[in-house]
file target.csv (CSV, C-alpha atoms)
chain,number,residue,atom,x,y,z
U,1,MET,CA,-7.4,22.3,-39.6
U,2,ARG,CA,-7.0,19.3,-37.3
U,3,ALA,CA,-3.8,19.1,-35.3
U,4,SER,CA,-1.5,16.2,-36.3
U,5,ARG,CA,-1.1,13.4,-33.8
U,6,PRO,CA,2.2,13.2,-32.1
U,7,THR,CA,4.7,10.8,-33.7
U,8,ALA,CA,5.2,7.6,-31.7
U,9,PRO,CA,8.7,7.0,-30.5
U,10,ASP,CA,10.8,4.3,-32.1
U,11,VAL,CA,11.6,2.8,-28.7
U,12,VAL,CA,9.3,2.8,-25.6
U,13,MET,CA,11.1,1.8,-22.4
U,14,VAL,CA,9.1,0.6,-19.4
U,15,LEU,CA,11.0,1.1,-16.1
U,16,GLU,CA,9.1,0.5,-12.9
U,17,ASN,CA,11.6,0.0,-10.1
U,18,CYS,CA,13.2,3.5,-10.0
U,19,THR,CA,12.8,7.0,-11.5
U,20,TYR,CA,14.6,8.1,-14.6
U,21,PRO,CA,17.4,9.0,-14.9
U,22,LEU,CA,18.4,7.5,-11.6
U,23,ASP,CA,19.3,4.1,-13.0
U,24,ALA,CA,22.6,4.6,-14.8
U,25,ARG,CA,22.2,1.5,-16.9
U,26,VAL,CA,18.8,2.5,-18.3
U,27,ARG,CA,20.1,6.0,-18.9
U,28,MET,CA,23.2,4.8,-20.9
U,29,GLU,CA,21.0,2.4,-23.0
U,30,ALA,CA,18.4,5.1,-23.7
U,31,GLU,CA,21.1,7.7,-24.7
U,32,THR,CA,22.9,5.1,-26.8
U,33,LEU,CA,19.8,4.2,-28.8
U,34,LEU,CA,19.0,7.9,-29.2
U,35,ALA,CA,22.5,8.5,-30.6
U,36,SER,CA,22.0,5.7,-33.1
U,37,GLY,CA,19.1,7.7,-34.7
U,38,ARG,CA,16.1,6.3,-32.8
U,39,SER,CA,13.7,8.3,-30.8
U,40,VAL,CA,13.3,7.1,-27.2
U,41,GLU,CA,10.6,7.5,-24.6
U,42,VAL,CA,10.9,6.2,-21.0
U,43,LEU,CA,7.9,5.4,-18.9
U,44,ALA,CA,9.0,5.6,-15.3
U,45,PRO,CA,7.5,6.2,-11.8
U,46,ARG,CA,7.2,9.8,-10.7
U,47,GLY,CA,9.3,10.7,-7.7
U,48,ARG,CA,8.5,13.5,-5.3
U,49,GLY,CA,9.1,16.9,-6.9
U,50,GLU,CA,9.6,15.5,-10.4
U,51,ALA,CA,7.9,16.7,-13.5
U,52,ALA,CA,5.3,14.5,-15.1
U,53,ARG,CA,6.9,15.0,-18.5
U,54,GLU,CA,10.5,16.0,-19.3
U,55,VAL,CA,13.1,15.7,-22.0
U,56,ILE,CA,16.5,14.7,-20.6
U,57,ARG,CA,19.4,14.8,-23.1
U,58,GLY,CA,17.0,14.1,-25.9
U,59,VAL,CA,15.2,11.3,-24.2
U,60,SER,CA,11.5,11.9,-23.6
U,61,VAL,CA,10.4,10.9,-20.1
U,62,ARG,CA,6.9,10.4,-18.9
U,63,ARG,CA,6.6,9.8,-15.2
U,64,LEU,CA,3.6,8.0,-13.8
U,65,PRO,CA,1.9,8.0,-10.4
U,66,VAL,CA,3.0,4.8,-8.6
U,67,PRO,CA,3.2,4.4,-4.7
U,68,ASP,CA,6.5,3.4,-3.2
U,69,GLY,CA,6.2,0.1,-1.4
U,70,GLU,CA,9.4,0.9,0.5
U,71,GLY,CA,10.5,-2.8,0.5
U,72,ARG,CA,7.6,-3.9,2.7
U,73,LEU,CA,5.6,-6.9,1.6
U,74,LEU,CA,2.1,-5.4,1.5
U,75,GLY,CA,3.5,-2.1,0.3
U,76,THR,CA,5.3,-3.7,-2.5
U,77,ALA,CA,2.2,-5.8,-3.5
U,78,LEU,CA,0.2,-2.5,-3.7
U,79,GLU,CA,2.9,-0.8,-5.6
U,80,TYR,CA,3.1,-3.6,-8.2
U,81,LEU,CA,-0.7,-3.8,-8.6
U,82,VAL,CA,-0.9,0.0,-9.3
U,83,ALA,CA,2.1,-0.1,-11.5
U,84,LEU,CA,0.6,-3.0,-13.6
U,85,ILE,CA,-2.5,-0.9,-14.2
U,86,VAL,CA,-0.9,2.4,-14.8
U,87,PHE,CA,2.1,1.3,-16.9
U,88,SER,CA,-0.2,-1.1,-18.9
U,89,ALA,CA,-2.6,1.8,-19.7
U,90,ALA,CA,0.3,4.1,-20.8
U,91,THR,CA,1.9,1.4,-22.9
U,92,LEU,CA,-1.2,0.4,-24.7
U,93,VAL,CA,-1.8,4.0,-25.7
U,94,ARG,CA,1.7,4.0,-27.3
U,95,LEU,CA,1.1,0.7,-29.0
U,96,ALA,CA,-2.2,2.0,-30.4
U,97,ARG,CA,-0.5,5.0,-31.9
U,98,SER,CA,1.8,3.1,-34.2
U,99,ARG,CA,2.0,-0.3,-35.9
U,100,SER,CA,5.8,-0.5,-35.4
U,101,GLY,CA,8.4,0.2,-32.8
U,102,VAL,CA,10.3,-1.5,-30.0
U,103,LEU,CA,8.9,-2.1,-26.6
U,104,HIS,CA,11.9,-2.4,-24.2
U,105,VAL,CA,10.8,-3.7,-20.7
U,106,HIS,CA,13.2,-3.6,-17.8
U,107,ASN,CA,12.9,-5.8,-14.7
U,108,PRO,CA,12.3,-5.9,-11.8
U,109,PRO,CA,9.4,-6.6,-11.6
U,110,ASP,CA,8.6,-9.2,-14.2
U,111,LEU,CA,5.0,-8.2,-14.4
U,112,PHE,CA,4.8,-6.9,-17.9
U,113,PHE,CA,5.1,-10.1,-20.0
U,114,ALA,CA,1.5,-9.6,-21.3
U,115,LEU,CA,2.5,-6.2,-22.7
U,116,LEU,CA,5.4,-7.8,-24.6
U,117,TRP,CA,3.0,-10.4,-26.1
U,118,ILE,CA,0.5,-7.7,-27.1
U,119,ALA,CA,3.3,-5.6,-28.6
U,120,ARG,CA,4.4,-8.6,-30.8
U,121,LEU,CA,0.9,-9.1,-31.9
U,122,ARG,CA,0.7,-5.4,-32.8
U,123,GLY,CA,3.8,-5.8,-35.0
U,124,TRP,CA,6.3,-4.3,-32.6
U,125,SER,CA,9.7,-5.8,-31.7
U,126,THR,CA,10.1,-6.7,-28.1
U,127,VAL,CA,13.1,-6.5,-25.7
U,128,PHE,CA,13.2,-7.9,-22.1
U,129,ASP,CA,16.1,-6.3,-20.2
U,130,HIS,CA,16.8,-8.6,-17.2
U,131,HIS,CA,18.6,-6.5,-14.5
U,132,ASP,CA,18.1,-8.7,-11.4
U,133,ASP,CA,17.1,-12.2,-10.5
U,134,ALA,CA,13.8,-11.3,-8.7
U,135,ALA,CA,13.1,-15.0,-7.9
U,136,GLY,CA,16.5,-15.5,-6.3
U,137,MET,CA,16.1,-12.3,-4.3
U,138,MET,CA,12.8,-13.5,-3.0
U,139,ARG,CA,14.3,-16.9,-2.1
U,140,ALA,CA,17.1,-15.2,-0.2
U,141,LYS,CA,14.6,-13.1,1.7
U,142,LEU,CA,12.3,-16.0,2.6
U,143,GLY,CA,15.1,-18.5,3.2
U,144,SER,CA,13.4,-21.1,1.0
U,145,SER,CA,11.5,-21.6,-2.2
U,146,GLY,CA,7.8,-21.5,-2.3
U,147,LEU,CA,4.9,-20.0,-4.2
U,148,PRO,CA,6.2,-16.5,-4.3
U,149,VAL,CA,9.6,-17.7,-5.7
U,150,SER,CA,8.0,-20.0,-8.3
U,151,THR,CA,5.6,-17.2,-9.3
U,152,LEU,CA,8.4,-14.8,-9.9
U,153,ALA,CA,10.4,-17.4,-11.9
U,154,TRP,CA,7.3,-18.2,-13.9
U,155,MET,CA,6.9,-14.5,-14.8
U,156,ARG,CA,10.6,-14.2,-15.7
U,157,ASP,CA,10.3,-17.1,-18.1
U,158,ARG,CA,7.1,-15.7,-19.7
U,159,SER,CA,8.9,-12.4,-20.2
U,160,ALA,CA,11.8,-14.1,-21.9
U,161,GLU,CA,9.5,-16.1,-24.1
U,162,ALA,CA,7.6,-13.0,-25.2
U,163,ALA,CA,10.7,-11.1,-26.2
U,164,ASP,CA,12.4,-11.1,-29.5
U,165,LEU,CA,15.6,-10.1,-27.7
U,166,THR,CA,16.5,-10.7,-24.0
U,167,ILE,CA,19.3,-8.7,-22.5
U,168,ALA,CA,21.3,-9.9,-19.5
U,169,THR,CA,23.8,-8.1,-17.4
U,170,ASN,CA,26.3,-10.9,-17.2
U,171,ASP,CA,26.9,-14.6,-18.1
U,172,THR,CA,25.4,-15.8,-14.8
U,173,GLN,CA,22.1,-14.0,-15.5
U,174,ALA,CA,22.2,-15.1,-19.1
U,175,GLU,CA,22.2,-18.8,-18.0
U,176,LEU,CA,18.9,-18.2,-16.2
U,177,LEU,CA,17.3,-17.1,-19.4
U,178,ARG,CA,18.7,-19.2,-22.2
U,179,GLY,CA,16.3,-22.0,-21.8
U,180,ARG,CA,13.3,-19.7,-22.5
U,181,ALA,CA,14.7,-16.7,-24.5
U,182,ARG,CA,14.6,-16.6,-28.3
U,183,ARG,CA,17.9,-14.7,-28.3
U,184,VAL,CA,20.2,-13.5,-25.5
U,185,ALA,CA,22.7,-10.7,-25.5
U,186,VAL,CA,25.0,-9.9,-22.6
U,187,VAL,CA,25.2,-6.1,-22.1
U,188,ARG,CA,27.2,-5.5,-19.0
U,189,ASN,CA,26.7,-2.6,-16.6
U,190,SER,CA,29.4,0.0,-17.4
U,191,PRO,CA,30.0,3.6,-16.5
U,192,PRO,CA,30.4,6.3,-19.2
U,193,THR,CA,33.8,7.5,-20.4
U,194,TRP,CA,33.6,10.8,-18.5
U,195,PHE,CA,33.9,8.9,-15.2
U,196,ALA,CA,37.6,8.4,-16.2
U,197,GLU,CA,38.1,12.2,-16.2
U,198,HIS,CA,38.2,12.1,-12.4
U,199,SER,CA,41.0,10.6,-10.3
U,200,PRO,CA,41.5,10.1,-6.6
U,201,GLN,CA,44.7,11.4,-4.9
U,202,PRO,CA,47.0,9.4,-2.6
U,203,PRO,CA,46.0,9.3,1.1
U,204,GLU,CA,47.1,12.3,3.1
U,205,GLY,CA,45.7,13.2,6.5
U,206,ARG,CA,42.3,11.6,7.2
U,207,ARG,CA,41.5,8.6,4.9
U,208,ARG,CA,38.1,8.3,3.3
U,209,LEU,CA,36.3,5.1,2.6
U,210,VAL,CA,33.3,5.3,0.2
U,211,PHE,CA,30.2,3.0,-0.3
U,212,LEU,CA,28.1,3.8,-3.4
U,213,GLY,CA,24.6,2.6,-4.2
U,214,GLU,CA,21.3,1.5,-2.6
U,215,ILE,CA,21.2,1.1,1.1
U,216,GLY,CA,19.1,-2.1,1.1
U,217,ALA,CA,19.1,-5.4,3.1
U,218,GLN,CA,21.0,-7.2,0.3
U,219,ASP,CA,23.8,-4.5,0.4
U,220,ARG,CA,24.5,-4.8,4.2
U,221,VAL,CA,25.9,-1.3,4.5
U,222,GLU,CA,25.8,-1.6,8.3
U,223,ARG,CA,28.9,-3.8,7.8
U,224,ALA,CA,30.7,-0.8,6.2
U,225,VAL,CA,30.2,1.1,9.5
U,226,GLU,CA,31.5,-1.9,11.4
U,227,VAL,CA,34.6,-2.0,9.1
U,228,LEU,CA,35.2,1.7,9.8
U,229,CYS,CA,35.0,1.0,13.5
U,230,ALA,CA,37.4,-1.9,13.3
U,231,LEU,CA,39.8,0.1,11.2
U,232,LEU,CA,39.9,3.0,13.7
U,233,GLU,CA,41.3,0.5,16.3
U,234,GLU,CA,44.5,0.2,14.2
U,235,PRO,CA,47.3,2.4,15.3
U,236,GLY,CA,47.5,5.7,13.4
U,237,MET,CA,44.4,5.1,11.4
U,238,ASP,CA,42.3,8.3,11.0
U,239,VAL,CA,39.4,7.2,8.7
U,240,GLU,CA,35.9,8.3,7.8
U,241,LEU,CA,33.1,6.8,5.7
U,242,LEU,CA,31.1,8.4,2.9
U,243,VAL,CA,27.9,6.6,1.8
U,244,VAL,CA,26.7,7.9,-1.5
U,245,GLY,CA,23.1,6.6,-1.9
U,246,ASP,CA,19.9,6.0,-0.1
U,247,GLY,CA,17.4,3.2,0.6
U,248,PRO,CA,15.2,1.5,3.1
U,249,ARG,CA,18.1,0.6,5.4
U,250,ARG,CA,19.5,4.1,5.7
U,251,ALA,CA,18.1,4.7,9.2
U,252,SER,CA,19.6,1.3,10.3
U,253,VAL,CA,23.0,2.3,9.0
U,254,GLU,CA,22.9,5.7,10.8
U,255,GLU,CA,21.7,4.0,14.0
U,256,ARG,CA,24.6,1.5,13.8
U,257,ALA,CA,27.0,4.4,13.5
U,258,VAL,CA,25.5,5.9,16.7
U,259,GLN,CA,25.8,2.5,18.5
U,260,LEU,CA,29.4,2.2,17.6
U,261,GLY,CA,30.3,5.8,18.5
U,262,VAL,CA,31.4,6.8,15.0
U,263,ARG,CA,28.4,8.9,13.8
U,264,SER,CA,30.5,12.0,13.4
U,265,ARG,CA,32.7,10.0,10.9
U,266,VAL,CA,29.8,8.7,8.7
U,267,THR,CA,28.2,10.9,6.1
U,268,VAL,CA,25.2,9.7,4.1
U,269,THR,CA,24.5,11.9,1.1
U,270,GLY,CA,21.2,10.4,-0.1
U,271,TRP,CA,20.7,10.1,-3.8
U,272,VAL,CA,22.8,12.6,-5.8
U,273,PRO,CA,22.8,13.5,-9.6
U,274,PHE,CA,24.6,11.0,-11.7
U,275,GLU,CA,27.0,13.7,-12.9
U,276,GLU,CA,28.2,14.3,-9.3
U,277,VAL,CA,29.1,10.6,-8.6
U,278,PRO,CA,32.6,10.4,-10.1
U,279,GLU,CA,33.7,13.6,-8.3
U,280,LEU,CA,32.5,12.1,-5.0
U,281,LEU,CA,34.2,8.8,-5.6
U,282,ALA,CA,37.4,10.6,-6.5
U,283,SER,CA,37.3,12.4,-3.1
U,284,ALA,CA,37.8,9.0,-1.4
U,285,HIS,CA,40.8,6.7,-1.2
U,286,VAL,CA,39.2,3.2,-1.2
U,287,GLY,CA,35.8,1.9,-2.5
U,288,LEU,CA,33.9,-0.7,-0.4
U,289,ASP,CA,31.4,-3.4,-1.2
U,290,THR,CA,30.3,-5.2,2.0
U,291,ALA,CA,27.4,-7.2,0.4
U,292,PRO,CA,27.0,-10.7,1.8
U,293,ALA,CA,27.8,-13.8,-0.3
U,294,THR,CA,24.2,-14.8,-1.1
U,295,GLU,CA,23.1,-16.7,-4.2
U,296,VAL,CA,21.7,-13.5,-5.7
U,297,ASN,CA,24.8,-11.3,-4.9
U,298,GLU,CA,27.2,-14.0,-6.2
U,299,GLY,CA,25.5,-13.7,-9.6
U,300,SER,CA,25.1,-10.0,-9.7
U,301,THR,CA,27.4,-7.5,-11.3
U,302,MET,CA,27.8,-4.7,-8.7
U,303,VAL,CA,27.7,-1.4,-10.5
U,304,LYS,CA,29.6,0.3,-7.7
U,305,ILE,CA,32.6,-1.9,-8.5
U,306,LEU,CA,32.7,-0.7,-12.1
U,307,GLU,CA,32.3,2.9,-11.1
U,308,TYR,CA,35.0,2.7,-8.4
U,309,LEU,CA,37.4,1.2,-11.0
U,310,ALA,CA,36.4,3.8,-13.7
U,311,VAL,CA,37.8,6.6,-11.6
U,312,GLY,CA,40.9,4.6,-10.6
U,313,LEU,CA,39.8,4.0,-7.0
U,314,PRO,CA,41.3,0.9,-5.2
U,315,VAL,CA,38.6,-1.5,-4.1
U,316,VAL,CA,38.2,-3.8,-1.2
U,317,ALA,CA,35.1,-6.0,-1.6
U,318,THR,CA,33.4,-9.2,-0.5
U,319,SER,CA,34.6,-12.1,-2.7
U,320,LEU,CA,31.6,-12.6,-5.0
U,321,HIS,CA,31.7,-14.6,-8.3
U,322,GLU,CA,30.8,-11.7,-10.6
U,323,THR,CA,33.0,-9.3,-8.6
U,324,ARG,CA,35.9,-11.6,-9.3
U,325,VAL,CA,35.0,-11.6,-13.0
U,326,THR,CA,34.6,-7.8,-13.1
U,327,GLY,CA,37.6,-6.7,-11.0
U,328,LYS,CA,40.2,-9.3,-11.8
U,329,ASP,CA,43.4,-8.3,-10.0
U,330,ALA,CA,42.2,-4.7,-9.4
U,331,VAL,CA,40.0,-5.7,-6.5
U,332,ALA,CA,41.2,-6.9,-3.1
U,333,LEU,CA,38.8,-9.7,-2.2
U,334,VAL,CA,37.7,-10.5,1.3
U,335,GLU,CA,36.8,-14.2,1.8
U,336,GLU,CA,35.9,-14.2,5.5
U,337,ASP,CA,32.5,-13.0,6.5
U,338,SER,CA,33.5,-10.4,9.2
U,339,ALA,CA,34.2,-6.7,9.5
U,340,GLU,CA,37.7,-7.6,10.9
U,341,ALA,CA,38.6,-9.4,7.6
U,342,PHE,CA,38.5,-6.0,5.8
U,343,VAL,CA,41.1,-4.5,8.1
U,344,ALA,CA,44.2,-6.0,6.7
U,345,PRO,CA,43.7,-5.1,3.0
U,346,LEU,CA,42.5,-1.7,3.9
U,347,SER,CA,45.4,-1.0,6.2
U,348,ALA,CA,47.8,-2.2,3.5
U,349,LEU,CA,46.3,0.4,1.0
U,350,LEU,CA,45.8,3.3,3.4
U,351,GLY,CA,49.1,2.8,5.4
U,352,SER,CA,51.5,2.9,2.4
U,353,GLU,CA,51.4,5.4,-0.4
U,354,GLN,CA,53.2,3.1,-2.7
U,355,SER,CA,50.7,0.3,-2.1
U,356,TRP,CA,47.9,2.7,-2.7
U,357,VAL,CA,49.4,4.0,-5.9
U,358,THR,CA,49.9,0.5,-7.2
U,359,GLY,CA,46.3,-0.3,-6.4
U,360,ALA,CA,45.1,2.9,-8.1
U,361,GLU,CA,47.0,2.1,-11.2
U,362,ARG,CA,45.5,-1.4,-11.4
U,363,ALA,CA,42.0,0.0,-10.8
U,364,ARG,CA,42.5,2.7,-13.6
U,365,ARG,CA,43.8,0.0,-16.0
U,366,ARG,CA,40.9,-2.4,-15.4
U,367,GLY,CA,38.4,0.5,-15.2
U,368,GLY,CA,39.4,1.6,-18.7
U,369,GLU,CA,38.5,-1.8,-20.1
U,370,LEU,CA,35.0,-1.7,-18.6
U,371,LEU,CA,33.7,1.7,-19.8
U,372,TRP,CA,30.4,1.9,-21.7
U,373,PRO,CA,31.5,2.2,-25.4
U,374,ALA,CA,32.1,-1.5,-25.7
U,375,GLN,CA,28.8,-2.3,-24.2
U,376,ALA,CA,27.1,0.3,-26.4
U,377,GLU,CA,28.2,-1.5,-29.5
U,378,THR,CA,26.9,-4.8,-28.1
U,379,LEU,CA,23.6,-3.2,-27.4
U,380,LEU,CA,23.4,-1.7,-30.9
U,381,SER,CA,24.5,-5.0,-32.5
U,382,ALA,CA,21.7,-6.8,-30.7
U,383,TYR,CA,19.2,-4.1,-31.8
U,384,ARG,CA,20.2,-4.5,-35.4
U,385,GLY,CA,18.5,-7.9,-35.4
U,386,LEU,CA,15.2,-6.2,-34.6
U,387,ALA,CA,12.9,-4.7,-37.2
U,388,ARG,CA,13.4,-0.9,-37.5
U,389,PRO,CA,10.3,1.3,-37.6
call {"tool": "encode", "arguments": {"input": "target.csv", "output": "structure tokens"}}
result
Amino acid sequence: MRASRPTAPDVVMVLENCTYPLDARVRMEAETLLASGRSVEVLAPRGRGEAAREVIRGVSVRRLPVPDGEGRLLGTALEYLVALIVFSAATLVRLARSRSGVLHVHNPPDLFFALLWIARLRGWSTVFDHHDDAAGMMRAKLGSSGLPVSTLAWMRDRSAEAADLTIATNDTQAELLRGRARRVAVVRNSPPTWFAEHSPQPPEGRRRLVFLGEIGAQDRVERAVEVLCALLEEPGMDVELLVVGDGPRRASVEERAVQLGVRSRVTVTGWVPFEEVPELLASAHVGLDTAPATEVNEGSTMVKILEYLAVGLPVVATSLHETRVTGKDAVALVEEDSAEAFVAPLSALLGSEQSWVTGAERARRRGGELLWPAQAETLLSAYRGLARP
């Protein structure tokens, strides 16, 4: 008797820029779709020591061999070339297995627009999930527009045109897409409800600052070390910095800590399991975001801000447009581009228990408004407009 062919999943997600379940947004979306009665498979890169196939909380994960470009130009070009071949082959197999389903492609990169078109021709519904403005990031890196920037914008537009549904992380990103997309839904980055089960305690003894997220050029985590150094010059300030994350600029951050003589007060954890993040955040007293005010950062919703607020952690951050929208009065915004400008709001929070408690209450209140359930309903509502298998 011939063995039956495995059933094709209702939703196939393509995620190239990080492993699964490292990206919290992708994980929340996949688990939300699974809970709605759909089967979900995620195609993602295979990190060191990871299984090629795994089921995580009901989500099927297939990890593919793709080199890590490590942010270097030639390395990234090779990574994307291999990813295009490997992910296309795996996706085409899934499309061949069934005449219906949903192909849900996450950016960056925006390479997979052809797969979206092929899926539509096959009878599948298509979703383009626009996380980051890759063209804007390239423009910021190069300092000007040019062929690489226009190419990335062209691929973004083709992806939006090929999708039945385009998802954006905020209104700024949605405006980039509305001219090309058939339908746009804004599904914001939001932490799960269990983040709110953790709470920081008022400062006592050594104060702890925390920076959460990727250590990349656009994040400028070196500035967080400089902020620590400047704060230590204030009378009575005993402070340390916890960096929860990893990335291509990690060595530079650690080197900066050595240069400033504060290496013993800086801890970099590397990537940690998602379930451990809220406990680590709650061990701190203030959450930091030191990203520079670039065009891309102004239009990006910083996930770290949401996660700080979800546990009730007071936040001091660079004044960015989407951070102002996200945090409202729960975030102390720094307008001046200097480490010294962070000292006054941090000293106010860390030097007075009443000020800290007030800041924590505001953070908890705003964080409660930003948890995932509201975004889950927006995602499912948008999906209801797609054909079900």
call {"tool": "closest_residue", "arguments": {"input": "target.csv", "among": "U:Val82, U:Val59, U:Leu232, U:Val186", "to": "U:Thr301", "atoms": "all atoms listed in the file"}}
result
U:Val186
call {"tool": "closest_residue", "arguments": {"input": "target.csv", "among": "U:Leu95, U:Asp133, U:Pro278, U:Thr269", "to": "U:Leu176", "atoms": "all atoms listed in the file"}}
result
U:Asp133
call {"tool": "closest_residue", "arguments": {"input": "target.csv", "among": "U:Arg62, U:Arg178, U:Arg72, U:Lys328", "to": "U:Arg46", "atoms": "only C-alpha atoms"}}
result
U:Arg62
call {"tool": "atom_distance", "arguments": {"input": "target.csv", "atom1": "atom CA of U:Leu346", "atom2": "atom CA of U:Arg324"}}
result
17.8 Å
call {"tool": "residues_around", "arguments": {"input": "target.csv", "residues": "stretch 338-345 of chain U", "least_positions_apart": "2", "cutoff": "10 Å", "atoms": "all atoms listed in the file", "output": "PyMOL selection string"}}
result
chain U and resi 222-234+288+290+292+315-318+332-336+347-351
call {"tool": "atom_distance", "arguments": {"input": "target.csv", "atom1": "atom CA of U:Val296", "atom2": "atom CA of U:Ala77"}}
result
21.1 Å
call {"tool": "atom_distance", "arguments": {"input": "target.csv", "atom1": "atom CA of U:Arg48", "atom2": "atom CA of U:Glu79"}}
result
15.4 Å
call {"tool": "residues_around", "arguments": {"input": "target.csv", "residues": "U:Asp10", "least_positions_apart": "3", "cutoff": "6 Å", "atoms": "all atoms listed in the file", "output": "PyMOL selection string"}}
result
chain U and resi 38-39+101
call {"tool": "residues_around", "arguments": {"input": "target.csv", "residues": "U:Trp154", "least_positions_apart": "6", "cutoff": "10 Å", "atoms": "all atoms listed in the file", "output": "mmCIF file with C-alpha atoms, in the frame of the given file"}}
result
data_model
loop_
_atom_site.group_PDB
_atom_site.id
_atom_site.type_symbol
_atom_site.label_atom_id
_atom_site.label_comp_id
_atom_site.auth_asym_id
_atom_site.auth_seq_id
_atom_site.Cartn_x
_atom_site.Cartn_y
_atom_site.Cartn_z
ATOM 1 C CA ASP U 110 8.600 -9.200 -14.200
ATOM 2 C CA ALA U 135 13.100 -15.000 -7.900
ATOM 3 C CA PRO U 148 6.200 -16.500 -4.300
#
call {"tool": "closest_residue", "arguments": {"input": "target.csv", "among": "U:Pro192, U:Pro67, U:Thr294, U:Gly47", "to": "U:Glu31", "atoms": "all atoms listed in the file"}}
result
U:Pro192
call {"tool": "residues_around", "arguments": {"input": "target.csv", "residues": "U:Glu307", "least_positions_apart": "4", "cutoff": "10 Å", "atoms": "all atoms listed in the file", "output": "list in words"}}
result
Asn189, Ser190, Pro191, Pro192, Phe195, Ala196, Leu212, Val277, Pro278, Leu281, Gly287, Met302, Val303, Val311, Gly312, Leu313, Gly367, Leu370 and Leu371 of chain U
call {"tool": "write_last_selection", "arguments": {"input": "target.csv", "atoms": "C-alpha atoms", "output": "mmCIF file, keeping the file's coordinate frame"}}
result
data_model
loop_
_atom_site.group_PDB
_atom_site.id
_atom_site.type_symbol
_atom_site.label_atom_id
_atom_site.label_comp_id
_atom_site.auth_asym_id
_atom_site.auth_seq_id
_atom_site.Cartn_x
_atom_site.Cartn_y
_atom_site.Cartn_z
ATOM 1 C CA ASN U 189 26.700 -2.600 -16.600
ATOM 2 C CA SER U 190 29.400 0.000 -17.400
ATOM 3 C CA PRO U 191 30.000 3.600 -16.500
ATOM 4 C CA PRO U 192 30.400 6.300 -19.200
ATOM 5 C CA PHE U 195 33.900 8.900 -15.200
ATOM 6 C CA ALA U 196 37.600 8.400 -16.200
ATOM 7 C CA LEU U 212 28.100 3.800 -3.400
ATOM 8 C CA VAL U 277 29.100 10.600 -8.600
ATOM 9 C CA PRO U 278 32.600 10.400 -10.100
ATOM 10 C CA LEU U 281 34.200 8.800 -5.600
ATOM 11 C CA GLY U 287 35.800 1.900 -2.500
ATOM 12 C CA MET U 302 27.800 -4.700 -8.700
ATOM 13 C CA VAL U 303 27.700 -1.400 -10.500
ATOM 14 C CA VAL U 311 37.800 6.600 -11.600
ATOM 15 C CA GLY U 312 40.900 4.600 -10.600
ATOM 16 C CA LEU U 313 39.800 4.000 -7.000
ATOM 17 C CA GLY U 367 38.400 0.500 -15.200
ATOM 18 C CA LEU U 370 35.000 -1.700 -18.600
ATOM 19 C CA LEU U 371 33.700 1.700 -19.800
#
call {"tool": "build_atoms", "arguments": {"input": "target.csv", "residues": "stretch 326-337 of chain U", "atoms": "N, CA and C atoms", "output": "PDB file, in the frame of the given file"}}
result
ATOM      1  N   THR U 326      34.519  -9.251 -12.714  1.00  0.00           N
ATOM      2  CA  THR U 326      34.600  -7.800 -13.100  1.00  0.00           C
ATOM      3  C   THR U 326      35.938  -7.220 -12.720  1.00  0.00           C
ATOM      4  N   GLY U 327      36.385  -7.431 -11.493  1.00  0.00           N
ATOM      5  CA  GLY U 327      37.600  -6.700 -11.000  1.00  0.00           C
ATOM      6  C   GLY U 327      38.893  -7.309 -11.356  1.00  0.00           C
ATOM      7  N   LYS U 328      38.942  -8.624 -11.567  1.00  0.00           N
ATOM      8  CA  LYS U 328      40.200  -9.300 -11.800  1.00  0.00           C
ATOM      9  C   LYS U 328      41.192  -8.948 -10.668  1.00  0.00           C
ATOM     10  N   ASP U 329      42.422  -8.535 -11.019  1.00  0.00           N
ATOM     11  CA  ASP U 329      43.400  -8.300 -10.000  1.00  0.00           C
ATOM     12  C   ASP U 329      43.336  -6.858  -9.420  1.00  0.00           C
ATOM     13  N   ALA U 330      42.323  -6.086  -9.871  1.00  0.00           N
ATOM     14  CA  ALA U 330      42.200  -4.700  -9.400  1.00  0.00           C
ATOM     15  C   ALA U 330      41.372  -4.585  -8.136  1.00  0.00           C
ATOM     16  N   VAL U 331      40.817  -5.692  -7.651  1.00  0.00           N
ATOM     17  CA  VAL U 331      40.000  -5.700  -6.500  1.00  0.00           C
ATOM     18  C   VAL U 331      40.605  -6.590  -5.398  1.00  0.00           C
ATOM     19  N   ALA U 332      40.771  -6.063  -4.182  1.00  0.00           N
ATOM     20  CA  ALA U 332      41.200  -6.900  -3.100  1.00  0.00           C
ATOM     21  C   ALA U 332      39.977  -7.587  -2.489  1.00  0.00           C
ATOM     22  N   LEU U 333      39.953  -8.920  -2.554  1.00  0.00           N
ATOM     23  CA  LEU U 333      38.800  -9.700  -2.200  1.00  0.00           C
ATOM     24  C   LEU U 333      38.859 -10.195  -0.758  1.00  0.00           C
ATOM     25  N   VAL U 334      37.738 -10.096  -0.048  1.00  0.00           N
ATOM     26  CA  VAL U 334      37.700 -10.500   1.300  1.00  0.00           C
ATOM     27  C   VAL U 334      36.848 -11.815   1.391  1.00  0.00           C
ATOM     28  N   GLU U 335      37.482 -12.903   1.801  1.00  0.00           N
ATOM     29  CA  GLU U 335      36.800 -14.200   1.800  1.00  0.00           C
ATOM     30  C   GLU U 335      36.033 -14.449   3.106  1.00  0.00           C
ATOM     31  N   GLU U 336      36.558 -14.002   4.227  1.00  0.00           N
ATOM     32  CA  GLU U 336      35.900 -14.200   5.500  1.00  0.00           C
ATOM     33  C   GLU U 336      34.757 -13.279   5.738  1.00  0.00           C
ATOM     34  N   ASP U 337      33.667 -13.781   6.293  1.00  0.00           N
ATOM     35  CA  ASP U 337      32.500 -13.000   6.500  1.00  0.00           C
ATOM     36  C   ASP U 337      32.538 -12.262   7.863  1.00  0.00           C
TER      37      ASP U 337
END
